[in-house]
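Heads up, target36.cif below (mmCIF, C-alpha atoms):
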data_data
#
loop_
_atom_site.label_atom_id
_atom_site.label_comp_id
_atom_site.auth_asym_id
_atom_site.auth_seq_id
_atom_site.Cartn_x
_atom_site.Cartn_y
_atom_site.Cartn_z
CA MET L 1 0.00 0.00 0.00
CA THR L 2 1.40 3.38 -1.01
CA PRO L 3 1.89 5.64 2.03
CA GLN L 4 -0.29 8.72 2.01
CA PRO L 5 1.21 12.21 2.33
CA PRO L 6 0.75 13.72 5.79
CA LEU L 7 -2.25 15.95 6.39
CA ILE L 8 -1.16 19.43 7.45
CA ALA L 9 -2.91 22.14 9.44
CA GLY L 10 -4.66 25.14 7.96
CA PRO L 11 -4.06 28.81 8.81
CA VAL L 12 -5.54 30.75 11.72
CA PRO L 13 -9.15 31.18 10.53
CA GLN L 14 -9.66 34.66 11.98
CA PRO L 15 -6.32 36.48 12.22
CA LYS L 16 -6.12 39.67 14.22
CA ALA L 17 -6.35 43.01 12.50
CA PRO L 18 -2.93 44.64 12.18
CA ARG L 19 -2.33 47.59 14.47
CA GLU L 20 -1.45 49.76 11.48
CA LYS L 21 -2.61 49.35 7.90
CA PRO L 22 0.09 49.27 5.22
CA PRO L 23 0.38 52.07 2.66
CA PRO L 24 -1.75 52.04 -0.50
CA GLY L 25 -0.39 49.64 -3.08
CA ALA L 26 1.15 47.27 -0.50
CA TRP L 27 1.90 43.66 -1.43
CA ASP L 28 1.90 40.35 0.35
CA ALA L 29 4.74 39.05 -1.81
CA HIS L 30 4.63 35.38 -0.79
CA ALA L 31 1.56 33.18 -0.43
CA HIS L 32 0.13 29.95 -1.82
CA VAL L 33 -3.33 28.80 -2.83
CA PHE L 34 -4.53 25.21 -2.57
CA GLY L 35 -7.59 23.74 -4.21
CA PRO L 36 -10.44 23.36 -3.93
CA ALA L 37 -9.31 19.79 -4.47
CA GLY L 38 -12.50 18.94 -6.37
CA LYS L 39 -11.52 21.45 -9.04
CA PHE L 40 -7.73 21.41 -8.76
CA PRO L 41 -6.69 17.93 -7.56
CA TYR L 42 -3.58 17.53 -5.45
CA THR L 43 -0.76 15.81 -7.26
CA PRO L 44 0.38 12.22 -6.60
CA GLY L 45 3.78 12.12 -4.91
CA ARG L 46 3.24 15.42 -3.11
CA GLY L 47 4.99 16.12 0.15
CA TYR L 48 1.79 16.91 2.10
CA THR L 49 -1.97 17.23 1.79
CA PRO L 50 -3.27 20.65 2.83
CA PRO L 51 -6.80 21.66 3.65
CA ASP L 52 -8.25 23.71 0.82
CA ALA L 53 -7.01 27.31 0.87
CA PRO L 54 -8.65 28.77 -2.25
CA VAL L 55 -7.84 32.08 -3.83
CA GLU L 56 -10.99 33.70 -2.42
CA ASN L 57 -9.60 33.15 1.07
CA PHE L 58 -6.27 34.70 0.13
CA VAL L 59 -7.94 37.77 -1.36
CA ALA L 60 -10.03 38.09 1.81
CA LEU L 61 -6.79 38.00 3.81
CA LEU L 62 -5.32 40.75 1.63
CA ASP L 63 -8.39 42.88 2.37
CA HIS L 64 -8.15 42.11 6.10
CA LEU L 65 -4.47 43.11 6.23
CA GLY L 66 -4.97 46.15 4.00
CA CYS L 67 -2.81 44.87 1.13
CA SER L 68 -3.72 45.84 -2.41
CA HIS L 69 -1.85 43.04 -4.17
CA GLY L 70 -0.50 39.55 -3.65
CA LEU L 71 2.05 37.21 -5.21
CA VAL L 72 0.79 33.63 -5.48
CA VAL L 73 3.61 31.07 -5.52
CA GLN L 74 2.87 27.57 -6.77
CA GLY L 75 2.66 25.17 -3.83
CA ASN L 76 4.08 21.68 -3.40
CA ALA L 77 0.67 20.02 -3.16
CA HIS L 78 -0.13 20.85 -6.80
CA GLY L 79 3.26 19.75 -8.13
CA TYR L 80 3.93 21.00 -11.65
CA ASP L 81 0.24 21.56 -12.42
CA ASN L 82 0.03 25.35 -12.28
CA ARG L 83 -3.66 25.61 -13.18
CA VAL L 84 -4.58 26.71 -9.65
CA VAL L 85 -2.25 29.72 -9.90
CA LEU L 86 -3.27 30.55 -13.47
CA ASP L 87 -6.93 30.43 -12.42
CA ALA L 88 -6.21 32.82 -9.56
CA LEU L 89 -4.46 35.25 -11.90
CA THR L 90 -7.32 35.09 -14.41
CA ARG L 91 -9.95 35.79 -11.76
CA TYR L 92 -8.10 38.61 -9.98
CA PRO L 93 -5.99 40.19 -12.73
CA GLN L 94 -5.70 43.57 -11.05
CA ARG L 95 -4.66 42.23 -7.66
CA LEU L 96 -2.53 39.13 -8.16
CA ARG L 97 0.64 38.05 -9.89
CA GLY L 98 2.17 34.57 -9.87
CA VAL L 99 5.34 32.50 -9.70
CA ALA L 100 5.17 28.98 -11.16
CA ILE L 101 7.02 25.72 -10.60
CA THR L 102 7.49 23.46 -13.60
CA ASP L 103 9.79 20.89 -15.06
CA THR L 104 10.50 20.60 -18.77
CA ARG L 105 7.08 19.16 -19.62
CA ILE L 106 6.21 22.59 -21.02
CA ALA L 107 8.03 24.43 -23.79
CA PRO L 108 9.75 27.74 -23.00
CA ALA L 109 7.27 29.46 -25.34
CA THR L 110 4.47 28.56 -22.89
CA LEU L 111 5.93 31.12 -20.50
CA ARG L 112 4.83 33.86 -22.88
CA ASP L 113 1.22 32.71 -22.63
CA TRP L 114 1.51 32.61 -18.85
CA HIS L 115 3.04 36.08 -18.83
CA ARG L 116 -0.06 37.51 -20.48
CA LEU L 117 -2.11 36.09 -17.61
CA GLY L 118 0.13 37.59 -14.93
CA MET L 119 2.83 35.02 -14.22
CA ARG L 120 6.09 36.78 -13.42
CA GLY L 121 8.65 34.13 -12.50
CA LEU L 122 9.66 30.54 -11.83
CA ARG L 123 10.68 29.01 -8.51
CA PHE L 124 13.62 26.63 -8.20
CA HIS L 125 14.89 24.46 -5.34
CA LEU L 126 18.50 24.04 -4.32
CA PHE L 127 19.13 21.16 -1.92
CA GLU L 128 22.01 18.80 -1.20
CA LYS L 129 19.54 15.97 -0.61
CA LYS L 130 16.21 16.10 -2.39
CA GLN L 131 14.61 13.03 -0.89
CA ASN L 132 12.84 15.12 1.78
CA TYR L 133 11.41 17.67 -0.67
CA VAL L 134 9.10 16.37 -3.35
CA ARG L 135 8.48 18.15 -6.64
CA GLY L 136 11.35 20.63 -6.53
CA VAL L 137 13.27 21.59 -9.66
CA GLY L 138 16.88 22.72 -9.79
CA LEU L 139 19.32 24.69 -11.91
CA ASP L 140 19.27 22.13 -14.71
CA VAL L 141 15.62 23.04 -15.38
CA PHE L 142 16.41 26.74 -14.99
CA GLU L 143 18.85 26.53 -17.90
CA VAL L 144 16.03 25.35 -20.20
CA PHE L 145 13.94 28.47 -19.42
CA ARG L 146 16.73 30.97 -18.77
CA LYS L 147 16.66 32.80 -22.10
CA THR L 148 12.88 33.18 -22.20
CA MET L 149 12.73 34.29 -18.56
CA ALA L 150 15.32 36.99 -19.25
CA GLU L 151 13.43 38.17 -22.32
CA LEU L 152 10.20 38.45 -20.33
CA GLY L 153 11.86 40.23 -17.41
CA TRP L 154 10.83 37.41 -15.05
CA VAL L 155 12.27 36.69 -11.64
CA MET L 156 14.19 33.59 -10.65
CA GLN L 157 12.97 32.64 -7.18
CA ILE L 158 15.01 30.28 -5.00
CA PHE L 159 14.02 28.06 -2.08
CA CYS L 160 17.44 27.00 -0.85
CA ASP L 161 19.14 24.79 1.70
CA TRP L 162 20.94 27.48 3.71
CA ARG L 163 24.10 25.36 3.82
CA LEU L 164 24.52 25.92 0.08
CA LEU L 165 24.32 29.72 0.05
CA GLN L 166 28.05 30.34 0.20
CA ASP L 167 28.79 27.88 -2.61
CA VAL L 168 25.96 29.01 -4.86
CA ALA L 169 26.57 32.74 -4.42
CA PRO L 170 28.73 33.12 -7.58
CA THR L 171 26.04 31.39 -9.64
CA LEU L 172 23.29 33.63 -8.29
CA ARG L 173 25.45 36.69 -8.86
CA ALA L 174 25.91 35.71 -12.52
CA ILE L 175 22.20 35.02 -13.06
CA ALA L 176 21.35 38.37 -11.49
CA ARG L 177 23.08 40.12 -14.39
CA GLU L 178 20.25 38.78 -16.59
CA MET L 179 17.17 38.86 -14.33
CA PRO L 180 16.16 39.53 -10.72
CA VAL L 181 17.01 36.72 -8.28
CA ILE L 182 14.92 36.28 -5.13
CA VAL L 183 15.82 34.09 -2.15
CA ASP L 184 12.94 32.98 0.05
CA HIS L 185 12.41 33.23 3.80
CA TYR L 186 15.58 34.94 5.07
CA GLY L 187 17.61 32.31 3.23
CA MET L 188 16.22 29.66 5.60
CA VAL L 189 19.27 30.04 7.87
CA GLU L 190 18.47 28.68 11.33
CA ALA L 191 18.28 31.63 13.70
CA ALA L 192 20.10 29.71 16.41
CA ARG L 193 23.25 29.85 14.27
CA GLY L 194 23.38 33.64 14.46
CA VAL L 195 23.96 36.26 11.82
CA ASN L 196 27.70 35.52 11.61
CA GLU L 197 26.98 32.12 10.05
CA PRO L 198 29.11 32.22 6.84
CA ASN L 199 26.25 31.21 4.59
CA PHE L 200 24.05 34.00 5.89
CA GLN L 201 26.93 36.45 5.50
CA ALA L 202 27.25 35.33 1.88
CA LEU L 203 23.58 36.19 1.42
CA VAL L 204 24.00 39.56 3.13
CA LYS L 205 26.87 40.34 0.75
CA LEU L 206 24.73 39.49 -2.29
CA VAL L 207 21.96 41.76 -1.00
CA GLY L 208 24.42 44.55 -0.26
CA GLU L 209 25.77 44.36 -3.79
CA GLY L 210 22.26 44.60 -5.17
CA ALA L 211 22.64 41.19 -6.81
CA VAL L 212 19.90 39.35 -4.92
CA HIS L 213 16.53 40.12 -3.35
CA VAL L 214 15.44 38.40 -0.12
CA LYS L 215 11.93 37.86 1.17
CA LEU L 216 11.44 38.95 4.77
CA SER L 217 8.82 36.23 4.99
CA ALA L 218 8.01 33.35 7.33
CA PRO L 219 10.34 34.20 10.26
CA TYR L 220 8.78 31.19 11.97
CA ARG L 221 10.64 28.94 9.51
CA ILE L 222 14.00 30.01 10.93
CA SER L 223 12.94 30.70 14.52
CA THR L 224 12.20 28.51 17.54
CA GLN L 225 10.65 31.37 19.53
CA PHE L 226 6.91 31.44 18.74
CA PRO L 227 5.04 33.80 18.52
CA ASP L 228 7.35 36.84 18.40
CA TYR L 229 10.40 35.16 16.82
CA ALA L 230 12.89 37.36 18.66
CA ASP L 231 15.78 35.18 17.52
CA ALA L 232 14.95 36.06 13.89
CA ARG L 233 15.08 39.82 14.47
CA PRO L 234 18.90 40.10 14.05
CA PHE L 235 18.59 38.51 10.59
CA HIS L 236 15.95 41.06 9.63
CA ASP L 237 18.13 43.90 10.92
CA ALA L 238 21.21 42.67 9.07
CA LEU L 239 19.37 42.55 5.75
CA LEU L 240 17.89 46.01 6.29
CA ARG L 241 21.36 47.40 6.94
CA ALA L 242 22.72 45.67 3.85
CA ASN L 243 20.29 47.11 1.29
CA PRO L 244 16.59 47.83 1.92
CA GLU L 245 15.99 48.19 -1.83
CA ARG L 246 16.44 44.46 -2.27
CA LEU L 247 13.86 43.25 0.26
CA LEU L 248 10.23 42.16 0.06
CA TRP L 249 7.68 41.11 2.68
CA GLY L 250 5.19 38.25 2.63
CA THR L 251 3.09 36.14 4.97
CA ASP L 252 3.70 32.69 3.44
CA TRP L 253 -0.04 32.08 3.96
CA PRO L 254 -1.47 29.45 4.53
CA HIS L 255 1.82 28.43 6.19
CA PRO L 256 2.29 24.90 4.83
CA SER L 257 3.60 22.23 7.21
CA ILE L 258 3.37 24.36 10.35
CA ALA L 259 1.73 22.70 13.37
CA THR L 260 -1.49 24.13 14.75
CA ALA L 261 0.13 24.85 18.13
CA VAL L 262 2.62 27.25 16.53
CA MET L 263 0.56 28.47 13.58
CA PRO L 264 1.38 32.16 13.02
CA ASP L 265 -1.29 34.83 13.03
CA ASP L 266 -1.05 36.83 9.80
CA GLY L 267 -2.03 40.11 11.42
CA HIS L 268 0.68 39.58 14.02
CA LEU L 269 3.23 38.89 11.26
CA LEU L 270 2.47 42.30 9.74
CA ASP L 271 2.72 43.90 13.19
CA LEU L 272 6.17 42.32 13.63
CA PHE L 273 7.30 43.66 10.26
CA TYR L 274 6.27 47.16 11.34
CA ALA L 275 7.99 46.80 14.71
CA TRP L 276 11.18 45.53 13.09
CA THR L 277 11.10 48.12 10.28
CA PRO L 278 10.53 51.47 12.00
CA ASP L 279 11.40 53.78 9.09
CA GLU L 280 8.29 54.71 7.09
CA ALA L 281 10.11 55.21 3.80
CA THR L 282 11.77 51.81 4.13
CA ARG L 283 8.43 50.16 4.85
CA ARG L 284 7.00 51.67 1.69
CA ARG L 285 10.00 50.58 -0.34
CA ILE L 286 9.64 46.97 0.85
CA LEU L 287 5.84 46.72 0.80
CA VAL L 288 5.04 48.80 -2.30
CA GLU L 289 7.88 49.93 -4.52
CA THR L 290 10.07 46.83 -4.83
CA PRO L 291 7.29 44.28 -5.45
CA ALA L 292 5.58 46.65 -7.90
CA ARG L 293 8.86 46.95 -9.79
CA LEU L 294 9.36 43.19 -9.89
CA PHE L 295 5.82 41.92 -10.45
CA GLY L 296 3.44 44.71 -11.32
CA GLY L 297 2.24 45.97 -14.61
CA ARG L 298 1.14 44.86 -18.02
CA ALA L 299 2.87 42.35 -20.25
CA GLY L 300 6.28 43.34 -21.53
CA ARG L 301 9.92 42.74 -20.81
CA SER L 302 12.25 44.70 -18.62
CA GLN L 303 15.18 46.31 -20.37
CA ASN L 304 18.80 46.87 -19.30
CA PRO L 305 18.94 46.14 -15.55
CA PHE L 306 22.04 48.23 -14.95
CA ILE L 307 22.28 51.90 -14.05
CA THR L 308 25.36 53.93 -13.36
CA SER L 309 24.41 55.54 -10.07
CA ARG L 310 21.84 55.31 -7.31
CA THR L 311 21.51 56.71 -3.85
CA CYS L 312 18.94 55.40 -1.42
CA SER L 313 18.11 55.84 2.24
CA THR L 314 19.00 53.30 4.89
CA THR L 315 16.68 52.54 7.77
CA GLY L 316 18.28 55.35 9.71
CA GLY L 317 17.54 57.87 7.00
CA VAL L 318 21.20 58.25 5.98
CA ALA L 319 21.95 58.32 2.28
CA LYS L 320 24.00 55.32 1.17
CA GLN L 321 25.65 54.63 -2.18
CA TRP L 322 25.50 50.97 -3.19
CA PRO L 323 28.48 49.36 -4.97
CA THR L 324 28.71 50.24 -8.66
CA SER L 325 29.77 46.78 -9.81
CA LEU L 326 26.38 45.18 -9.16
CA ARG L 327 23.93 48.07 -9.06
CA HIS L 328 20.80 46.43 -10.50
CA SER L 329 17.61 48.37 -11.14
CA TRP L 330 15.36 46.60 -13.68
CA LYS L 331 13.52 49.91 -13.73
CA SER L 332 13.26 50.97 -17.33
CA ALA L 333 10.77 53.59 -18.49
CA GLU L 334 8.41 50.73 -19.37
CA ALA L 335 8.76 49.24 -15.90
CA ARG L 336 8.09 52.61 -14.27
CA LYS L 337 4.93 52.97 -16.37
CA SER L 338 3.83 49.48 -15.28
CA ILE L 339 4.38 50.31 -11.62
CA MET L 340 2.21 53.40 -11.90
CA TRP L 341 -0.56 51.46 -13.60
CA PHE L 342 -0.59 48.52 -11.20
CA SER L 343 -0.31 50.62 -8.07
CA SER L 344 -3.20 52.86 -9.00
CA VAL L 345 -5.89 50.30 -9.86
CA SER L 346 -8.81 49.67 -7.58
CA HIS L 347 -9.33 46.50 -5.57
CA CYS L 348 -10.88 44.22 -8.17
CA THR L 349 -12.56 41.12 -6.71
CA ASN L 350 -14.00 39.50 -9.78
CA SER L 351 -14.69 35.88 -8.80
CA ARG L 352 -16.25 34.46 -11.89
#
As structure tokens, please, write out the structure in this file.
Amino acid sequence: MTPQPPLIAGPVPQPKAPREKPPPGAWDAHAHVFGPAGKFPYTPGRGYTPPDAPVENFVALLDHLGCSHGLVVQGNAHGYDNRVVLDALTRYPQRLRGVAITDTRIAPATLRDWHRLGMRGLRFHLFEKKQNYVRGVGLDVFEVFRKTMAELGWVMQIFCDWRLLQDVAPTLRAIAREMPVIVDHYGMVEAARGVNEPNFQALVKLVGEGAVHVKLSAPYRISTQFPDYADARPFHDALLRANPERLLWGTDWPHPSIATAVMPDDGHLLDLFYAWTPDEATRRRILVETPARLFGGRAGRSQNPFITSRTCSTTGGVAKQWPTSLRHSWKSAEARKSIMWFSSVSHCTNSR
């Protein structure tokens, strides 16, 4: 008899309201949708079986938190069948963008069709041992789609074994010359190891150079200190100091594979982000400007990602010049136009 994937818990059904609403145009830049299983069956060989967490529930969470937009990332339970994400993008075109996971069963040209629907990247998985993570795809698959992704201005998103960050840094730096690279969940470095862990320092260096973006998402995945995750705070602070222009925030709703006893409250997660990010301009950069630049807007490719100079403000309000060698912008005139369009639209909740 084939063993069944473990059943996992669902999110907090009624999260608290955040103490302070985010600015207009804010994004939850990392979430998943699951099911309903009757319409979008879960894939054989998946790593877990979630309760249904349909797109309507995610959009309701965005409204509850005060976020205008969300990034839906393909989840493990649906494997390489991205119909659940494509359906979400079709139903909420003015609020959602997507990141897919696929192997080479599709042709690179398919990405262009997905782009028109609102897909904006592919997610890849870097692990020393893959037997504990089902349905991940690595750099070999990335090479098949690399050219088309670059032409579309897509992001390369990485879920990575933190022990590989130091070794893979040169590869990510090279890819970042062609397209934005995003590393999930603080790099997944265990908080108990401290910010001086060499692999986390390699990530901080990439962020400081402007080569890599990091999601300030799911602190509970690196922390052992529920519910305030105090041991994760130094990692947040280190990334803010390195380069706030290369950071995004997300809930990771509905928090796959987290036990009910330590299930995070999404309103509390936003409160923690505000407490850990006291500068208002930096909050806006992370919640609004950076995700709009990466994911927002109509179809079309980004142009030359390099600029010759940029000054930005650190969390303390002091102007800082980032290194010239890897000063990535991906902010062409077309991209700026897209940001303006996507940030200004109303909350569309078409659920046909």
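Of the listed residues L:Asp265, L:Asp237, L:Asp228, L:Asp184, the one whose atoms come nearest to Gln157 of chain L is L:Asp184, with distances taken using all atoms listed in the file.
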Practice problem: Please indicate the distance in Å from atom CA of Gln4 of chain L to atom CA of Tyr220 of chain L, rounded to one decimal place. | Solution: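 Distance between the two atoms: 26.2 Å.
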Practice problem: Name the closest residue to Met188 of chain L among the candidates L:Arg285, L:His213, L:Arg112, L:Arg221; distances are taken between atoms, counting all atoms listed in the file. | Solution: L:Arg221
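The interatomic distance for the pair atom CA of Pro51 of chain L and atom CA of Cys67 of chain L works out to 23.7 Å.
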Quiz item: Distance atom CA of Asp271 of chain L-atom CA of Pro256 of chain L, one decimal place?
Solution: 20.8 Å
Find the spatial neighbours of segment 77-86 of chain L, counting all atoms listed in the file, within a cut-off of 9 Å - ignore same-chain residues fewer than 4 positions away - and output them as a CSV table (one decimal) with C-alpha atoms, in the frame of the given file.
chain,number,residue,atom,x,y,z
L,32,HIS,CA,0.1,30.0,-1.8
L,33,VAL,CA,-3.3,28.8,-2.8
L,34,PHE,CA,-4.5,25.2,-2.6
L,35,GLY,CA,-7.6,23.7,-4.2
L,36,PRO,CA,-10.4,23.4,-3.9
L,39,LYS,CA,-11.5,21.4,-9.0
L,40,PHE,CA,-7.7,21.4,-8.8
L,41,PRO,CA,-6.7,17.9,-7.6
L,42,TYR,CA,-3.6,17.5,-5.4
L,43,THR,CA,-0.8,15.8,-7.3
L,44,PRO,CA,0.4,12.2,-6.6
L,45,GLY,CA,3.8,12.1,-4.9
L,46,ARG,CA,3.2,15.4,-3.1
L,47,GLY,CA,5.0,16.1,0.2
L,48,TYR,CA,1.8,16.9,2.1
L,49,THR,CA,-2.0,17.2,1.8
L,50,PRO,CA,-3.3,20.6,2.8
L,54,PRO,CA,-8.6,28.8,-2.2
L,55,VAL,CA,-7.8,32.1,-3.8
L,72,VAL,CA,0.8,33.6,-5.5
L,73,VAL,CA,3.6,31.1,-5.5
L,90,THR,CA,-7.3,35.1,-14.4
L,91,ARG,CA,-10.0,35.8,-11.8
L,97,ARG,CA,0.6,38.0,-9.9
L,98,GLY,CA,2.2,34.6,-9.9
L,99,VAL,CA,5.3,32.5,-9.7
L,100,ALA,CA,5.2,29.0,-11.2
L,101,ILE,CA,7.0,25.7,-10.6
L,102,THR,CA,7.5,23.5,-13.6
L,103,ASP,CA,9.8,20.9,-15.1
L,105,ARG,CA,7.1,19.2,-19.6
L,114,TRP,CA,1.5,32.6,-18.8
L,117,LEU,CA,-2.1,36.1,-17.6
L,118,GLY,CA,0.1,37.6,-14.9
L,119,MET,CA,2.8,35.0,-14.2
L,134,VAL,CA,9.1,16.4,-3.4
L,135,ARG,CA,8.5,18.2,-6.6
L,136,GLY,CA,11.4,20.6,-6.5
Quiz item: Pick from L:Met149, L:Tyr186, L:Pro23, L:Gln201: nearest to Thr282 of chain L, with only C-alpha atoms counted?
Solution: L:Pro23
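Summary of the local environment: counting all atoms listed in the file, residues at most 9 Å from Leu111 of chain L, other than itself and those fewer than 5 positions away along its chain, are L:Ile106, L:Arg116, L:Met119, L:Gly121, L:Phe145, L:Thr148, L:Met149, L:Leu152.
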Quiz item: Do you know which residues are at most 10 Å from Arg19 of chain L counting all atoms listed in the file, after dropping those on the same chain fewer than 2 positions away, and could you put them as a list in words?
Solution: Lys16, Ala17, Lys21, Pro22, Leu65, Gly267, His268, Leu270, Asp271 and Tyr274 of chain L
Exercise. Check the smallest atom-to-atom distance from each of L:Ala176, L:Tyr229, L:Gly25, L:His125 to Gly210 of chain L using only C-alpha atoms, then report the winner.
Key: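 Of L:Ala176, L:Tyr229, L:Gly25, L:His125, the one nearest Gly210 of chain L is L:Ala176, counting only C-alpha atoms.
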